[in-house]
Amino acid sequence: MEQNDLEELDFLIVGQGLAGTMMAHFLLQENKRIKILDLPMRGRTSTIAAGVINPVTGRRIAKSWHFEVLYAFAKKTYQELENILGITLWNDRNILRALHNTFEENEWYRRGAFPEYEAYFEDSADLENISSKIKPAHAWGEMRHCAQVALPELVRSYRRWLQRQGLLLEEKFDYQAIVFQDGRVQYKQFSALKIIFCEGARAIANPYFNFLPFVPTKGELLILKIPGADFEKIVKHHLFIVPVEQWNGATIPHLFWAGSTSRFEYADELPSEEQKRNLLDKLEKTLSVPFEVFEHLAGIRPTVFDKRPFSGVHPSHGQLAIFNGLGTKGASLAPFFAKQMADFLLGNGELDKEVDIKRFLKNDG
Ligand SMILES: Cc1cc2nc3c(=O)[nH]c(=O)nc-3n(C[C@H](O)[C@H](O)[C@H](O)COP(=O)(O)OP(=O)(O)OC[C@H]3O[C@@H](n4cnc5c(N)ncnc54)[C@H](O)[C@@H]3O)c2cc1C
């Protein structure tokens, strides 16, 4: 293709899950010329995630990394996107957490006594409206300052918005078509300053960034109808039960997201009968009312070795960048670290050492 026929861009983004959506949002805020190339592929996760933002996680009930900063920035960003798209994304929801034994109960009270945890622990769990639908537990705790973000709706709605602006191309990226040229990068009809890869777990097929220690995990979930259930809190018992107001653009009453499984080893990206059984067994132990399975879905999380995002540029091809590694916490990590990455690419800031992919390079100084 002749140089004159090329469309000049600042950035070409590959992948429009949560990572690509956030990169596009912050670069467009700076009036950058962008295009996004995305082919919805099997295993993508943003369109199936619950979008729970949880201040404390795990058996040890430990506070999530940088939670205060990430939470405040996430709330502001999703609200900006709500204004652009005209839809509701952010839902403040408390999490009711079942404590299964004395160890968990003690851990709950022990943590709650630390000043930095105080803001997140209700004095007692309020099970009104829920206890008749859920099986009893040893004890319950309730967390506040949690949220649920409608990630599937965000990605779908932002896609349509991009399409209306003529900014999205629905095609598979071909790594062989990259041409490096005078400090820029050419890809088919485009000439860009940089290509930013946001391919989720598919990044393991990217020949430029497959040196990064991705450890993808497969997750499966069920979308349920629980007739008569109208609770707004998130329940974490043998699995998460999360109210979802909308699914695939439709408002459906009594709809809940139930999941999820986590497997390092898997044959493919498809929902499996084995894991459906596993989810149904957990639901039997969690729900005391009948339910109907509406959908069974699976995706591959872009989980990584050290549980920190992957941000940065390729060590020898400065025209190639990556924003990935959102793992199990994309809803809270993506807004803050996409903004940081956008500022870095525009020369307006630095990357945190903990997220910079330089951490995996020898002699990174
Ligand atoms: C069951 C489950 C539950 C989850 N629940 C939560 C939760 O409650 N809270 C939370 O914070 N996180 C949750 N997550 C994690 C969350 O989904 C991820 O952190 C986040 O969505 C990852 O976004 P991404 O954009 O990196 O990847 P993806 O959403 O997978 O997006 C990547 C996109 O790139 C496209 N693509 C890839 N390669 C190419 C190519 N070569 N050419 C063109 N297009 C390409 C893909 O088709 C896809 O559209 C959950 C994940 C799973 C699986």
# chains A, B, ... in the order shown; residues from 1 in each chain; ligands from 1

$ select_by_dssp --residues "stretch 71-276 of chain A" --states "alpha helix (DSSP H)" --output "PyMOL selection string"
chain A and resi 71-85+102-112+115-118+151-164+273-276

$ residues_around --residues "A:Trp257" --least-positions-apart "3" --cutoff "6 Å" --atoms "only C-alpha atoms" --output "list in words"
Ile223, Ile241 and Val242 of chain A

$ write_last_selection --atoms "C-alpha atoms" --output "compact mmCIF listing (two decimals), in the first residue's frame"
# COMPACT_ATOMS: atom_id res chain seq x y z
CA ILE A 223 -27.43 -17.24 34.71
CA ILE A 241 -25.12 -15.02 43.69
CA VAL A 242 -25.26 -11.60 42.08

$ residues_around --residues "stretch 211-217 of chain A" --least-positions-apart "3" --cutoff "7 Å" --atoms "only C-alpha atoms" --output "ChimeraX atom specification"
/A:201,262-264,300-305

$ residues_near_ligand --ligand "ligand 1" --cutoff "7 Å" --atoms "only C-alpha atoms and all ligand atoms" --output "JSON, numbers by chain"
{"A": [14, 15, 16, 17, 18, 19, 20, 37, 38, 39, 40, 41, 42, 43, 44, 45, 46, 47, 48, 49, 50, 51, 52, 53, 171, 172, 173, 174, 198, 199, 200, 201, 202, 203, 218, 219, 220, 221, 259, 260, 261, 298, 299, 300, 301, 302, 324, 325, 326, 327, 328, 329, 330, 331, 332]}

$ closest_residue --among "A:Arg93, A:Arg60, A:His66, A:Lys76" --to "A:Lys233" --atoms "only C-alpha atoms"
A:Arg93

$ closest_residue --among "A:Thr251, A:Asn210, A:Asn101, A:Gln181" --to "A:Gln319" --atoms "only C-alpha atoms"
A:Gln181

$ closest_residue --among "A:Gln275, A:Met22, A:Ile130, A:Lys135" --to "A:Ser288" --atoms "only C-alpha atoms"
A:Lys135

$ residues_around --residues "A:Glu118" --least-positions-apart "4" --cutoff "12 Å" --atoms "only C-alpha atoms" --output "ChimeraX atom specification"
/A:55-56,63,108-114,122-123,142-145

$ write_last_selection --atoms "C-alpha atoms" --output "JSON list (two decimals), in the first residue's frame"
[["chain", "number", "residue", "atom", "x", "y", "z"],
["A", 55, "PRO", "CA", -12.88, -4.77, 49.18],
["A", 56, "VAL", "CA", -11.81, -7.92, 51.02],
["A", 63, "LYS", "CA", -8.02, -6.14, 51.82],
["A", 108, "TRP", "CA", -13.89, -11.85, 60.27],
["A", 109, "TYR", "CA", -13.97, -10.29, 63.75],
["A", 110, "ARG", "CA", -10.18, -10.07, 63.95],
["A", 111, "ARG", "CA", -9.97, -8.19, 60.64],
["A", 112, "GLY", "CA", -12.92, -5.97, 61.47],
["A", 113, "ALA", "CA", -11.04, -4.69, 64.52],
["A", 114, "PHE", "CA", -8.26, -3.15, 62.37],
["A", 122, "GLU", "CA", -21.16, -3.64, 58.88],
["A", 123, "ASP", "CA", -21.62, -4.24, 62.62],
["A", 142, "GLU", "CA", -21.78, -8.04, 55.69],
["A", 143, "MET", "CA", -19.42, -5.81, 53.72],
["A", 144, "ARG", "CA", -20.15, -2.32, 52.50],
["A", 145, "HIS", "CA", -18.41, -0.14, 49.86]]
